[in-house]
file target_36.cif (mmCIF, C-alpha atoms and all ligand atoms)
data_entry
#
loop_
_atom_site.group_PDB
_atom_site.id
_atom_site.type_symbol
_atom_site.label_atom_id
_atom_site.label_comp_id
_atom_site.auth_asym_id
_atom_site.auth_seq_id
_atom_site.Cartn_x
_atom_site.Cartn_y
_atom_site.Cartn_z
ATOM 1 C CA MET A 29 -34.541 19.221 -54.683
ATOM 2 C CA ALA A 30 -36.141 18.614 -58.094
ATOM 3 C CA ASP A 31 -36.504 21.861 -60.015
ATOM 4 C CA PRO A 32 -38.103 21.039 -63.394
ATOM 5 C CA TYR A 33 -39.251 24.662 -63.713
ATOM 6 C CA GLY A 34 -35.783 26.191 -63.442
ATOM 7 C CA ARG A 35 -34.204 23.400 -65.497
ATOM 8 C CA ALA A 36 -36.675 23.866 -68.371
ATOM 9 C CA ILE A 37 -36.038 27.615 -68.500
ATOM 10 C CA ARG A 38 -32.280 27.041 -68.357
ATOM 11 C CA ASP A 39 -32.502 24.439 -71.165
ATOM 12 C CA HIS A 40 -34.619 26.844 -73.203
ATOM 13 C CA HIS A 41 -31.981 29.537 -72.816
ATOM 14 C CA ARG A 42 -29.269 27.096 -73.973
ATOM 15 C CA GLY A 43 -31.365 25.974 -76.955
ATOM 16 C CA GLU A 44 -31.453 22.456 -75.479
ATOM 17 C CA ARG A 45 -35.124 22.174 -74.551
ATOM 18 C CA THR A 46 -36.966 19.482 -76.517
ATOM 19 C CA GLU A 47 -40.042 19.081 -74.293
ATOM 20 C CA PRO A 48 -42.555 21.606 -73.010
ATOM 21 C CA LEU A 49 -42.697 22.738 -69.391
ATOM 22 C CA ILE A 50 -46.131 21.675 -68.174
ATOM 23 C CA ASP A 51 -48.085 23.258 -65.321
ATOM 24 C CA ARG A 52 -50.534 20.769 -63.818
ATOM 25 C CA ASP A 53 -53.550 21.203 -61.563
ATOM 26 C CA GLY A 54 -55.072 17.716 -61.270
ATOM 27 C CA ALA A 55 -56.208 16.693 -64.758
ATOM 28 C CA GLU A 56 -55.932 20.260 -66.058
ATOM 29 C CA THR A 57 -52.680 21.262 -67.719
ATOM 30 C CA ARG A 58 -51.198 24.162 -69.629
ATOM 31 C CA VAL A 59 -47.925 24.692 -71.429
ATOM 32 C CA HIS A 60 -45.776 27.240 -69.614
ATOM 33 C CA ALA A 61 -45.064 30.160 -71.982
ATOM 34 C CA ILE A 62 -41.295 30.288 -71.372
ATOM 35 C CA GLU A 63 -40.141 32.396 -74.305
ATOM 36 C CA GLU A 64 -42.964 34.904 -74.028
ATOM 37 C CA TYR A 65 -42.741 35.400 -70.290
ATOM 38 C CA TYR A 66 -39.076 35.084 -69.333
ATOM 39 C CA PHE A 67 -37.288 36.195 -72.471
ATOM 40 C CA GLY A 68 -39.657 38.822 -73.846
ATOM 41 C CA GLU A 69 -38.873 42.518 -74.060
ATOM 42 C CA ARG A 70 -39.160 44.176 -70.656
ATOM 43 C CA THR A 71 -40.914 47.520 -70.302
ATOM 44 C CA PRO A 72 -40.852 48.561 -66.653
ATOM 45 C CA GLU A 73 -43.908 50.288 -65.233
ATOM 46 C CA ASP A 74 -43.903 54.002 -66.066
ATOM 47 C CA TRP A 75 -44.244 55.168 -62.485
ATOM 48 C CA PHE A 76 -41.532 52.855 -61.129
ATOM 49 C CA GLU A 77 -38.583 53.297 -63.454
ATOM 50 C CA PRO A 78 -37.879 57.008 -62.780
ATOM 51 C CA ARG A 79 -37.989 56.375 -59.029
ATOM 52 C CA VAL A 80 -35.201 53.778 -59.148
ATOM 53 C CA ASP A 81 -32.134 55.781 -58.233
ATOM 54 C CA GLY A 82 -30.402 53.665 -55.602
ATOM 55 C CA PRO A 83 -29.220 50.056 -55.407
ATOM 56 C CA LEU A 84 -32.052 47.781 -56.576
ATOM 57 C CA LEU A 85 -33.032 44.359 -55.236
ATOM 58 C CA ASP A 86 -34.850 42.106 -57.734
ATOM 59 C CA MET A 87 -36.632 39.389 -55.733
ATOM 60 C CA GLY A 88 -37.519 36.233 -57.659
ATOM 61 C CA ALA A 89 -35.608 37.513 -60.661
ATOM 62 C CA GLY A 90 -36.234 34.480 -62.920
ATOM 63 C CA ALA A 91 -34.118 34.653 -66.073
ATOM 64 C CA GLY A 92 -33.164 38.248 -65.292
ATOM 65 C CA ARG A 93 -35.431 40.348 -67.513
ATOM 66 C CA ASP A 94 -35.659 43.239 -65.058
ATOM 67 C CA ALA A 95 -32.143 42.884 -63.691
ATOM 68 C CA LEU A 96 -30.706 43.167 -67.221
ATOM 69 C CA PHE A 97 -32.758 46.301 -67.783
ATOM 70 C CA PHE A 98 -31.920 48.033 -64.509
ATOM 71 C CA GLN A 99 -28.264 47.049 -63.996
ATOM 72 C CA ASP A 100 -27.191 49.554 -66.660
ATOM 73 C CA ARG A 101 -28.722 52.334 -64.541
ATOM 74 C CA VAL A 102 -28.141 51.312 -60.914
ATOM 75 C CA GLU A 103 -26.353 48.634 -58.939
ATOM 76 C CA THR A 104 -28.708 45.656 -59.132
ATOM 77 C CA VAL A 105 -28.761 42.518 -57.001
ATOM 78 C CA ALA A 106 -30.910 39.701 -58.414
ATOM 79 C CA ILE A 107 -31.987 36.839 -56.164
ATOM 80 C CA ASP A 108 -33.863 33.665 -57.033
ATOM 81 C CA ARG A 109 -34.418 30.417 -55.188
ATOM 82 C CA SER A 110 -33.586 28.328 -58.295
ATOM 83 C CA ASP A 111 -29.918 27.397 -58.886
ATOM 84 C CA HIS A 112 -30.729 26.805 -62.560
ATOM 85 C CA LEU A 113 -32.168 30.286 -62.947
ATOM 86 C CA VAL A 114 -29.266 31.961 -61.175
ATOM 87 C CA GLU A 115 -26.934 30.107 -63.553
ATOM 88 C CA THR A 116 -29.119 31.292 -66.461
ATOM 89 C CA MET A 117 -28.997 34.894 -65.250
ATOM 90 C CA ARG A 118 -25.206 34.771 -65.019
ATOM 91 C CA ASP A 119 -25.024 33.304 -68.538
ATOM 92 C CA ARG A 120 -27.201 36.139 -69.779
ATOM 93 C CA GLY A 121 -24.979 38.787 -68.252
ATOM 94 C CA VAL A 122 -26.659 39.611 -64.951
ATOM 95 C CA GLU A 123 -23.707 40.965 -62.983
ATOM 96 C CA ASP A 124 -24.871 40.135 -59.451
ATOM 97 C CA ALA A 125 -27.156 37.091 -59.505
ATOM 98 C CA ARG A 126 -27.412 35.077 -56.284
ATOM 99 C CA VAL A 127 -29.326 32.106 -54.991
ATOM 100 C CA GLY A 128 -31.483 33.658 -52.299
ATOM 101 C CA ASP A 129 -34.823 33.481 -50.524
ATOM 102 C CA MET A 130 -37.029 36.563 -50.601
ATOM 103 C CA PHE A 131 -38.605 35.360 -47.353
ATOM 104 C CA GLY A 132 -35.288 35.673 -45.513
ATOM 105 C CA LEU A 133 -34.071 39.145 -46.535
ATOM 106 C CA ARG A 134 -32.875 40.215 -43.102
ATOM 107 C CA GLU A 135 -30.489 37.251 -42.950
ATOM 108 C CA GLN A 136 -29.028 38.087 -46.363
ATOM 109 C CA PHE A 137 -28.672 41.873 -46.462
ATOM 110 C CA ASP A 138 -27.680 44.749 -44.196
ATOM 111 C CA ARG A 139 -30.030 47.431 -42.969
ATOM 112 C CA ASP A 140 -30.832 50.181 -45.566
ATOM 113 C CA ARG A 141 -28.894 48.273 -48.230
ATOM 114 C CA PHE A 142 -31.314 49.085 -51.091
ATOM 115 C CA GLY A 143 -32.967 52.218 -52.464
ATOM 116 C CA ALA A 144 -35.477 50.244 -54.531
ATOM 117 C CA ALA A 145 -36.863 46.726 -54.783
ATOM 118 C CA LEU A 146 -39.165 44.789 -57.042
ATOM 119 C CA ALA A 147 -40.826 41.408 -57.260
ATOM 120 C CA ILE A 148 -42.469 40.814 -60.626
ATOM 121 C CA GLY A 149 -44.578 37.655 -60.776
ATOM 122 C CA SER A 150 -46.784 36.378 -57.977
ATOM 123 C CA GLN A 151 -43.967 34.963 -55.829
ATOM 124 C CA LEU A 152 -44.948 37.042 -52.771
ATOM 125 C CA GLN A 153 -48.207 35.088 -52.804
ATOM 126 C CA LEU A 154 -46.189 31.934 -52.059
ATOM 127 C CA ALA A 155 -45.865 33.266 -48.497
ATOM 128 C CA THR A 156 -47.121 30.529 -46.201
ATOM 129 C CA SER A 157 -49.481 32.773 -44.173
ATOM 130 C CA GLN A 158 -50.539 36.380 -43.639
ATOM 131 C CA ARG A 159 -48.053 36.473 -40.794
ATOM 132 C CA ALA A 160 -45.335 35.510 -43.281
ATOM 133 C CA VAL A 161 -46.414 38.380 -45.552
ATOM 134 C CA ARG A 162 -46.150 40.809 -42.628
ATOM 135 C CA GLN A 163 -42.719 39.415 -41.730
ATOM 136 C CA PHE A 164 -41.637 39.783 -45.363
ATOM 137 C CA LEU A 165 -42.756 43.443 -45.388
ATOM 138 C CA ALA A 166 -40.951 44.116 -42.100
ATOM 139 C CA ASP A 167 -37.762 42.520 -43.444
ATOM 140 C CA LEU A 168 -38.111 44.425 -46.711
ATOM 141 C CA ALA A 169 -38.409 47.670 -44.744
ATOM 142 C CA TYR A 170 -35.238 46.660 -42.850
ATOM 143 C CA VAL A 171 -33.107 46.118 -45.969
ATOM 144 C CA THR A 172 -34.427 49.216 -47.797
ATOM 145 C CA THR A 173 -34.005 52.887 -46.967
ATOM 146 C CA ALA A 174 -36.881 54.983 -45.616
ATOM 147 C CA GLU A 175 -37.250 56.654 -49.020
ATOM 148 C CA ALA A 176 -37.073 53.440 -51.053
ATOM 149 C CA THR A 177 -39.599 52.643 -53.758
ATOM 150 C CA VAL A 178 -40.892 49.103 -53.991
ATOM 151 C CA LEU A 179 -42.921 47.401 -56.704
ATOM 152 C CA ILE A 180 -44.599 44.146 -55.761
ATOM 153 C CA ASP A 181 -46.702 42.297 -58.262
ATOM 154 C CA GLY A 182 -49.413 39.724 -57.630
ATOM 155 C CA TYR A 183 -52.871 38.511 -58.585
ATOM 156 C CA ASP A 184 -55.930 40.305 -57.326
ATOM 157 C CA PRO A 185 -58.135 37.461 -55.993
ATOM 158 C CA GLU A 186 -61.501 38.609 -57.349
ATOM 159 C CA ARG A 187 -60.136 39.430 -60.789
ATOM 160 C CA ALA A 188 -58.185 36.170 -60.997
ATOM 161 C CA VAL A 189 -61.302 34.139 -60.139
ATOM 162 C CA ALA A 190 -63.468 36.126 -62.565
ATOM 163 C CA ALA A 191 -60.903 35.729 -65.338
ATOM 164 C CA GLY A 192 -60.585 31.969 -64.751
ATOM 165 C CA VAL A 193 -56.803 32.162 -64.296
ATOM 166 C CA PHE A 194 -55.241 28.693 -64.468
ATOM 167 C CA ALA A 195 -55.386 26.750 -61.177
ATOM 168 C CA VAL A 196 -57.118 29.508 -59.194
ATOM 169 C CA ARG A 197 -59.757 28.568 -56.606
ATOM 170 C CA ASP A 198 -62.097 30.973 -54.905
ATOM 171 C CA ASP A 199 -62.246 31.358 -51.127
ATOM 172 C CA PRO A 200 -65.495 32.223 -49.297
ATOM 173 C CA GLU A 201 -63.467 34.721 -47.251
ATOM 174 C CA PRO A 202 -63.750 38.126 -48.983
ATOM 175 C CA GLY A 203 -60.528 39.278 -50.604
ATOM 176 C CA LEU A 204 -58.871 35.857 -50.695
ATOM 177 C CA ALA A 205 -58.343 33.084 -53.244
ATOM 178 C CA TYR A 206 -55.864 30.275 -53.847
ATOM 179 C CA ARG A 207 -53.831 28.937 -56.697
ATOM 180 C CA VAL A 208 -52.381 25.412 -56.632
ATOM 181 C CA TYR A 209 -50.310 23.653 -59.271
ATOM 182 C CA HIS A 210 -46.991 21.983 -59.940
ATOM 183 C CA CYS A 211 -44.586 21.846 -62.884
ATOM 184 C CA GLU A 212 -43.526 18.818 -64.923
ATOM 185 C CA TYR A 213 -40.585 18.584 -67.303
ATOM 186 C CA GLU A 214 -38.948 15.547 -68.892
ATOM 187 C CA GLY A 215 -40.656 13.224 -66.426
ATOM 188 C CA GLU A 216 -39.617 15.236 -63.369
ATOM 189 C CA THR A 217 -42.298 16.611 -61.022
ATOM 190 C CA GLY A 218 -41.782 19.807 -59.039
ATOM 191 C CA ARG A 219 -43.058 20.596 -55.579
ATOM 192 C CA THR A 220 -46.668 21.698 -55.250
ATOM 193 C CA LEU A 221 -46.961 25.477 -55.340
ATOM 194 C CA LEU A 222 -49.650 26.960 -53.087
ATOM 195 C CA PHE A 223 -50.285 30.629 -53.774
ATOM 196 C CA ARG A 224 -52.437 32.581 -51.337
ATOM 197 C CA LEU A 225 -53.956 35.401 -53.330
ATOM 198 C CA PHE A 226 -54.837 38.491 -51.335
ATOM 199 C CA GLY A 227 -55.913 41.983 -52.228
ATOM 200 C CA VAL A 228 -54.809 45.246 -50.646
ATOM 201 C CA ASP A 229 -57.130 48.226 -50.498
ATOM 202 C CA ALA A 230 -56.018 51.828 -50.925
ATOM 203 C CA SER A 231 -55.225 52.161 -47.224
ATOM 204 C CA GLY A 232 -53.102 49.020 -47.282
ATOM 205 C CA THR A 233 -55.643 47.163 -45.138
ATOM 206 C CA PRO A 234 -55.270 43.394 -45.488
ATOM 207 C CA PRO A 235 -58.415 41.349 -46.265
ATOM 208 C CA ARG A 236 -59.052 39.850 -42.814
ATOM 209 C CA ARG A 237 -59.432 43.312 -41.255
ATOM 210 C CA ARG A 238 -61.866 44.302 -43.995
ATOM 211 C CA ARG A 239 -64.241 41.492 -43.050
ATOM 212 C CA GLY A 240 -67.730 42.785 -42.316
ATOM 213 C CA ARG A 241 -67.232 46.073 -44.089
ATOM 214 C CA SER A 242 -69.516 46.839 -46.993
ATOM 215 C CA SER A 243 -68.128 46.938 -50.515
ATOM 216 C CA THR A 244 -64.458 47.862 -50.030
ATOM 217 C CA PRO A 245 -63.013 47.373 -53.498
ATOM 218 C CA SER A 246 -59.817 45.485 -54.054
ATOM 219 C CA ARG A 247 -56.966 47.332 -55.655
ATOM 220 C CA ALA A 248 -55.261 46.562 -58.892
ATOM 221 C CA PRO A 249 -52.880 43.568 -58.946
ATOM 222 C CA THR A 250 -49.802 45.671 -58.396
ATOM 223 C CA THR A 251 -49.236 47.062 -54.925
ATOM 224 C CA THR A 252 -46.588 49.439 -53.727
ATOM 225 C CA ALA A 253 -44.851 50.151 -50.487
ATOM 226 C CA THR A 254 -41.981 52.229 -49.247
ATOM 227 C CA GLY A 255 -39.146 51.179 -47.006
HETATM 228 C C1 LIG A 301 -43.114 34.124 -62.262
HETATM 229 S S1 LIG A 301 -41.376 34.071 -62.035
HETATM 230 C C2 LIG A 301 -40.955 35.759 -62.336
HETATM 231 C C3 LIG A 301 -39.526 35.938 -62.783
HETATM 232 C C4 LIG A 301 -39.102 37.377 -63.081
HETATM 233 N N1 LIG A 301 -39.368 38.265 -61.967
HETATM 234 C C5 LIG A 301 -39.762 37.904 -64.346
HETATM 235 O O1 LIG A 301 -40.694 38.719 -64.237
HETATM 236 O O2 LIG A 301 -39.373 37.483 -65.439
HETATM 237 C C6 LIG A 301 -41.223 33.931 -60.269
HETATM 238 C C7 LIG A 301 -39.813 33.675 -59.795
HETATM 239 O O3 LIG A 301 -39.769 33.744 -58.373
HETATM 240 C C8 LIG A 301 -38.860 32.779 -57.915
HETATM 241 N N2 LIG A 301 -39.155 32.517 -56.496
HETATM 242 C C9 LIG A 301 -40.203 31.859 -55.974
HETATM 243 N N3 LIG A 301 -40.132 31.855 -54.631
HETATM 244 C C10 LIG A 301 -39.006 32.528 -54.304
HETATM 245 C C11 LIG A 301 -38.374 32.838 -53.065
HETATM 246 N N4 LIG A 301 -38.895 32.460 -51.891
HETATM 247 N N5 LIG A 301 -37.235 33.562 -53.081
HETATM 248 C C12 LIG A 301 -36.680 33.940 -54.271
HETATM 249 N N6 LIG A 301 -37.227 33.649 -55.465
HETATM 250 C C13 LIG A 301 -38.377 32.949 -55.481
HETATM 251 C C14 LIG A 301 -39.055 31.600 -58.851
HETATM 252 O O4 LIG A 301 -37.958 30.717 -58.855
HETATM 253 C C15 LIG A 301 -39.261 32.325 -60.178
HETATM 254 O O5 LIG A 301 -38.052 32.503 -60.863
#
call {"tool": "encode", "arguments": {"input": "target_36.cif", "output": "structure tokens", "more": "lines below"}}
Ligand SMILES: C[S@@+](CC[C@H](N)C(=O)[O-])C[C@H]1O[C@@H](n2cnc3c(N)ncnc32)[C@H](O)[C@@H]1O
result
Amino acid sequence: MADPYGRAIRDHHRGERTEPLIDRDGAETRVHAIEEYYFGERTPEDWFEPRVDGPLLDMGAGAGRDALFFQDRVETVAIDRSDHLVETMRDRGVEDARVGDMFGLREQFDRDRFGAALAIGSQLQLATSQRAVRQFLADLAYVTTAEATVLIDGYDPERAVAAGVFAVRDDPEPGLAYRVYHCEYEGETGRTLLFRLFGVDASGTPPRRRRGRSSTPSRAPTTTATG
């Protein structure tokens, strides 16, 4: 399958990239900030880092920013769906980088395998439905211990719409929005990415169940869960 996104980041790492990686939503485009995002200095969230004391699973690890940081402290397994990015991670020194799908954790790892997990970026919001999000959380609970700490990153729908984030569309349903775009690199077009943006309130209640309630605020973009 064409993977202009992963190929562009790999080429950038090798110093072989001569064209920009373009994100496209219809006529609107932006240049993907490869150096800044994937190769910048990583400063893990203050609350998360001290809690990572068991094997860590990095889901959608990209070029390995977090894996490189954490593997010096704990055993770290980095998965990504892109072959090019897994190759890039290995080149950069990620010790255990694997091609893997974060939406199939139970098929890839044993029960209680990890003491911590993280997914930085909005890749969880590529889940195809709310049911798929619930299945992901159930599988994540299966492969992590009961005491595990998990950091999952994503866009808060209302804030993303208000901020005019690239390719975001509002949804009349409270607590939901969408983001749709694809990548282009050296004439190659990637698959269309459909992100379903959802918020989580302090009780962990998903948006559909909040319908009809008065002003339940959405939480910050980062949500947490335990195994
Ligand atoms: C925005 S990047 C974030 C990369 C990295 N976490 C970082 O912060 O530098 C999202 C990554 O998730 C990966 N990804 C998307 N869907 C995935 C899936 N189902 N399973 C594993 N990785 C996935 C993409 O290939 C991409 O590398």
call {"tool": "resolve_selection", "arguments": {"input": "target_36.cif", "expression": "the PyMOL selection byres (((chain A and resi 210-224) around 10) and not hetatm)", "output": "PyMOL selection string"}}
result
chain A and resi 29-36+45-54+57-60+150-158+182-183+185+195-197+199+204-209+225-226
call {"tool": "axis_aligned_box", "arguments": {"input": "target_36.cif", "around": "ligand LIG 301 (chain A)", "padding_each_side": "4 Å", "output": "AutoDock Vina command-line options"}}
result
--center_x -39.9 --center_y 34.7 --center_z -58.7 --size_x 14.4 --size_y 16.0 --size_z 21.5
call {"tool": "closest_residue", "arguments": {"input": "target_36.cif", "among": "A:Asp181, A:Met87, A:Pro200, A:Gly192", "to": "Val228 of chain A", "atoms": "all atoms listed in the file"}}
result
A:Asp181
call {"tool": "closest_atom_pairs", "arguments": {"input": "target_36.cif", "of": "segment 29-65 of chain A", "to": "segment 113-134 of chain A", "cutoff": "9 Å", "atoms": "all atoms listed in the file", "output": "JSON lines"}}
result
{"residue": "A:Gly34", "atom": "CA", "partner": "A:Leu113", "partner_atom": "CA", "distance": 5.5}
{"residue": "A:Arg35", "atom": "CA", "partner": "A:Leu113", "partner_atom": "CA", "distance": 7.6}
{"residue": "A:Ile37", "atom": "CA", "partner": "A:Leu113", "partner_atom": "CA", "distance": 7.3}
{"residue": "A:Arg38", "atom": "CA", "partner": "A:Thr116", "partner_atom": "CA", "distance": 5.6}
{"residue": "A:Asp39", "atom": "CA", "partner": "A:Thr116", "partner_atom": "CA", "distance": 9.0}
{"residue": "A:His41", "atom": "CA", "partner": "A:Thr116", "partner_atom": "CA", "distance": 7.2}
{"residue": "A:Arg42", "atom": "CA", "partner": "A:Thr116", "partner_atom": "CA", "distance": 8.6}
call {"tool": "resolve_selection", "arguments": {"input": "target_36.cif", "expression": "the PyMOL selection byres (((chain A and resi 144) around 7) and not hetatm)", "output": "PyMOL selection string"}}
result
chain A and resi 80+82-85+142-143+145+172+176-178
call {"tool": "residues_around", "arguments": {"input": "target_36.cif", "residues": "Arg139 of chain A", "least_positions_apart": "5", "cutoff": "12 Å", "atoms": "only C-alpha atoms", "output": "ChimeraX atom specification"}}
result
/A:133-134,166-174,255
call {"tool": "closest_residue", "arguments": {"input": "target_36.cif", "among": "A:Ile148, A:Glu56, A:Tyr65, A:Phe98", "to": "Phe194 of chain A", "atoms": "all atoms listed in the file"}}
result
A:Glu56
call {"tool": "atom_distance", "arguments": {"input": "target_36.cif", "atom1": "atom CA of Arg109 of chain A", "atom2": "atom CA of Gly227 of chain A"}}
result
24.6 Å
call {"tool": "decode", "arguments": {"input": "target_36.cif", "residues": "segment 60-152 of chain A", "atoms": "C-alpha atoms", "output": "compact mmCIF listing (two decimals), in the first residue's frame"}}
result
# COMPACT_ATOMS: atom_id res chain seq x y z
CA HIS A 60 3.78 18.70 7.04
CA ALA A 61 6.29 19.92 9.66
CA ILE A 62 8.47 16.78 9.65
CA GLU A 63 11.60 18.05 11.38
CA GLU A 64 9.73 19.98 14.05
CA TYR A 65 7.27 17.24 14.91
CA TYR A 66 9.09 13.93 14.50
CA PHE A 67 12.69 14.85 15.18
CA GLY A 68 12.32 17.59 17.78
CA GLU A 69 13.43 17.30 21.39
CA ARG A 70 10.99 15.20 23.40
CA THR A 71 9.90 16.32 26.85
CA PRO A 72 7.45 13.78 28.26
CA GLU A 73 4.52 15.06 30.28
CA ASP A 74 5.53 15.75 33.89
CA TRP A 75 2.87 13.55 35.43
CA PHE A 76 3.52 10.58 33.12
CA GLU A 77 7.26 10.09 33.17
CA PRO A 78 7.68 9.23 36.88
CA ARG A 79 4.86 6.69 36.64
CA VAL A 80 6.58 4.68 33.90
CA ASP A 81 8.27 1.90 35.82
CA GLY A 82 7.36 -1.24 33.89
CA PRO A 83 7.63 -2.34 30.26
CA LEU A 84 6.26 0.44 28.04
CA LEU A 85 4.24 0.11 24.83
CA ASP A 86 4.51 3.07 22.43
CA MET A 87 1.55 2.88 20.04
CA GLY A 88 1.96 4.75 16.75
CA ALA A 89 5.57 5.50 17.61
CA GLY A 90 6.41 7.42 14.40
CA ALA A 91 10.14 8.08 14.14
CA GLY A 92 10.65 6.97 17.74
CA ARG A 93 10.90 10.21 19.72
CA ASP A 94 9.31 8.77 22.85
CA ALA A 95 10.73 5.28 22.45
CA LEU A 96 14.27 6.70 22.29
CA PHE A 97 13.60 8.66 25.46
CA PHE A 98 12.04 5.85 27.47
CA GLN A 99 14.09 2.83 26.34
CA ASP A 100 17.01 3.98 28.50
CA ARG A 101 14.75 3.70 31.56
CA VAL A 102 12.45 0.74 30.89
CA GLU A 103 11.98 -2.00 28.33
CA THR A 104 10.16 -0.27 25.48
CA VAL A 105 8.25 -1.81 22.59
CA ALA A 106 7.46 0.63 19.76
CA ILE A 107 4.79 -0.25 17.21
CA ASP A 108 3.76 1.61 14.07
CA ARG A 109 1.69 0.62 11.06
CA SER A 110 4.25 2.11 8.62
CA ASP A 111 7.11 -0.15 7.44
CA HIS A 112 9.10 2.96 6.52
CA LEU A 113 8.77 4.37 10.01
CA VAL A 114 9.70 1.11 11.70
CA GLU A 115 12.80 1.02 9.49
CA THR A 116 13.50 4.64 10.49
CA MET A 117 13.12 3.83 14.18
CA ARG A 118 15.57 0.94 13.88
CA ASP A 119 18.04 3.20 12.05
CA ARG A 120 17.74 5.72 14.86
CA GLY A 121 18.48 3.14 17.52
CA VAL A 122 15.05 2.09 18.77
CA GLU A 123 15.84 -1.35 20.16
CA ASP A 124 12.42 -2.99 19.76
CA ALA A 125 10.54 -1.40 16.85
CA ARG A 126 7.84 -3.52 15.20
CA VAL A 127 5.26 -3.13 12.48
CA GLY A 128 2.02 -3.39 14.42
CA ASP A 129 -1.57 -2.22 14.61
CA MET A 130 -2.70 -0.48 17.78
CA PHE A 131 -6.24 -1.63 17.00
CA GLY A 132 -5.23 -5.29 17.32
CA LEU A 133 -3.27 -5.34 20.60
CA ARG A 134 -4.77 -8.55 21.95
CA GLU A 135 -3.56 -10.47 18.89
CA GLN A 136 -0.02 -9.13 19.29
CA PHE A 137 0.72 -9.19 23.02
CA ASP A 138 0.11 -11.39 26.06
CA ARG A 139 -2.10 -10.46 28.98
CA ASP A 140 -0.49 -7.99 31.48
CA ARG A 141 2.54 -7.60 29.21
CA PHE A 142 3.00 -3.85 29.86
CA GLY A 143 3.18 -1.61 32.92
CA ALA A 144 2.70 1.57 30.88
CA ALA A 145 1.53 2.63 27.43
CA LEU A 146 1.34 5.79 25.40
CA ALA A 147 -0.03 7.03 22.11
CA ILE A 148 1.17 10.52 21.27
CA GLY A 149 -0.54 12.05 18.23
CA SER A 150 -4.20 11.65 17.37
CA GLN A 151 -3.94 8.09 16.03
CA LEU A 152 -6.57 6.75 18.46
